[in-house]
Amino acid sequence: MEEQRSLIPARPARNSRSRSRACLSCGATVDMGRRRYCSVACRQRLRYKLQVRTGLLRAINARYATFHFDARVIVLDVLTAGTSTIFSFIFPRSADRPPAEDFSRMADVLGNVWWAERRRTNRHYLASRELLRRARQGSAQERDVKPRETSYPTVNHKLLVHLQIGRADLHCPDLEGLIKKAFRRQAKRHHPDMGGSAAGFRKLRQAYEELLSWSDHPTFARRRGFPDKWFYDGETNRWVQPIPPPRQVS
């Protein structure tokens, strides 16, 4: 037990600026630009490593879990069914391994602890209790693991670009009035009589009419998750990649 606890350093700081610009799968920051992942293969590699180890989460009856990392540590926070306690498994990063490999290493260590106790006691619940006993408690709160639900307007982003409307504005109670005001503002800039092009104004007019039509019967998609860490849903036994933050028009 003491050897296991020695692997757990202080909990990492949250929401650092360098973390927000890093790949959400490997932490790379080179030439990231606006991308959230350095490559599709990198994202899929971490998703695969997480998904093939869900047996451990099912063994301890995890309701929700999150995985995130920084330059020093990887963190697996778990909320088990029937409790509000967050169990945090925090392991040091390897200098020459990506987070996906570090997660596999952590899962091996935790799995060995569970199976050793399972063989010793021949009791599933005792094995789970022993594993959770070795986790850190109190360093995370329920809101850090229980997923947030975010609404996304199901509207073509190009329409918002033409009218210079942010997605958050689509939740406005007077959406029709907001769209008309935005159209008048952009019409002053793009109307041919004001120096704009006829083609550009037609696109603006079309965007205005389509967005007005959408506002009559607006539709929203709902997603659960976090913008900066991977999320596990015990009901589906699936890991979900970080959800994108709402897009805004600058």
# chains A, B, ... in the order shown; residues from 1 in each chain; ligands from 1

$ residues_around --residues "Gln186 in chain A" --least-positions-apart "3" --cutoff "8 Å" --atoms "only C-alpha atoms" --output "PyMOL selection string"
chain A and resi 163-164+182-183+189-190+204

$ residues_around --residues "Arg72 in chain A" --least-positions-apart "3" --cutoff "9 Å" --atoms "only C-alpha atoms" --output "list in words"
Pro12, Phe69, Phe91, Pro92, Arg93, Ser94 and Ala95 of chain A

$ closest_residue --among "A:Lys158, A:Arg118, A:Arg123, A:Arg63" --to "Phe231 in chain A" --atoms "only C-alpha atoms"
A:Arg63

$ select_by_dssp --residues "range 30-194 of chain A" --states "alpha helix (DSSP H)" --output "number ranges by chain"
A: 40-51, 54-59, 99-121, 124-133, 157-163, 175-190

$ residues_around --residues "Thr154 in chain A" --least-positions-apart "2" --cutoff "8 Å" --atoms "only C-alpha atoms" --output "list in words"
Tyr152, Asn156, Pro218, Thr219, Phe220 and Ala221 of chain A
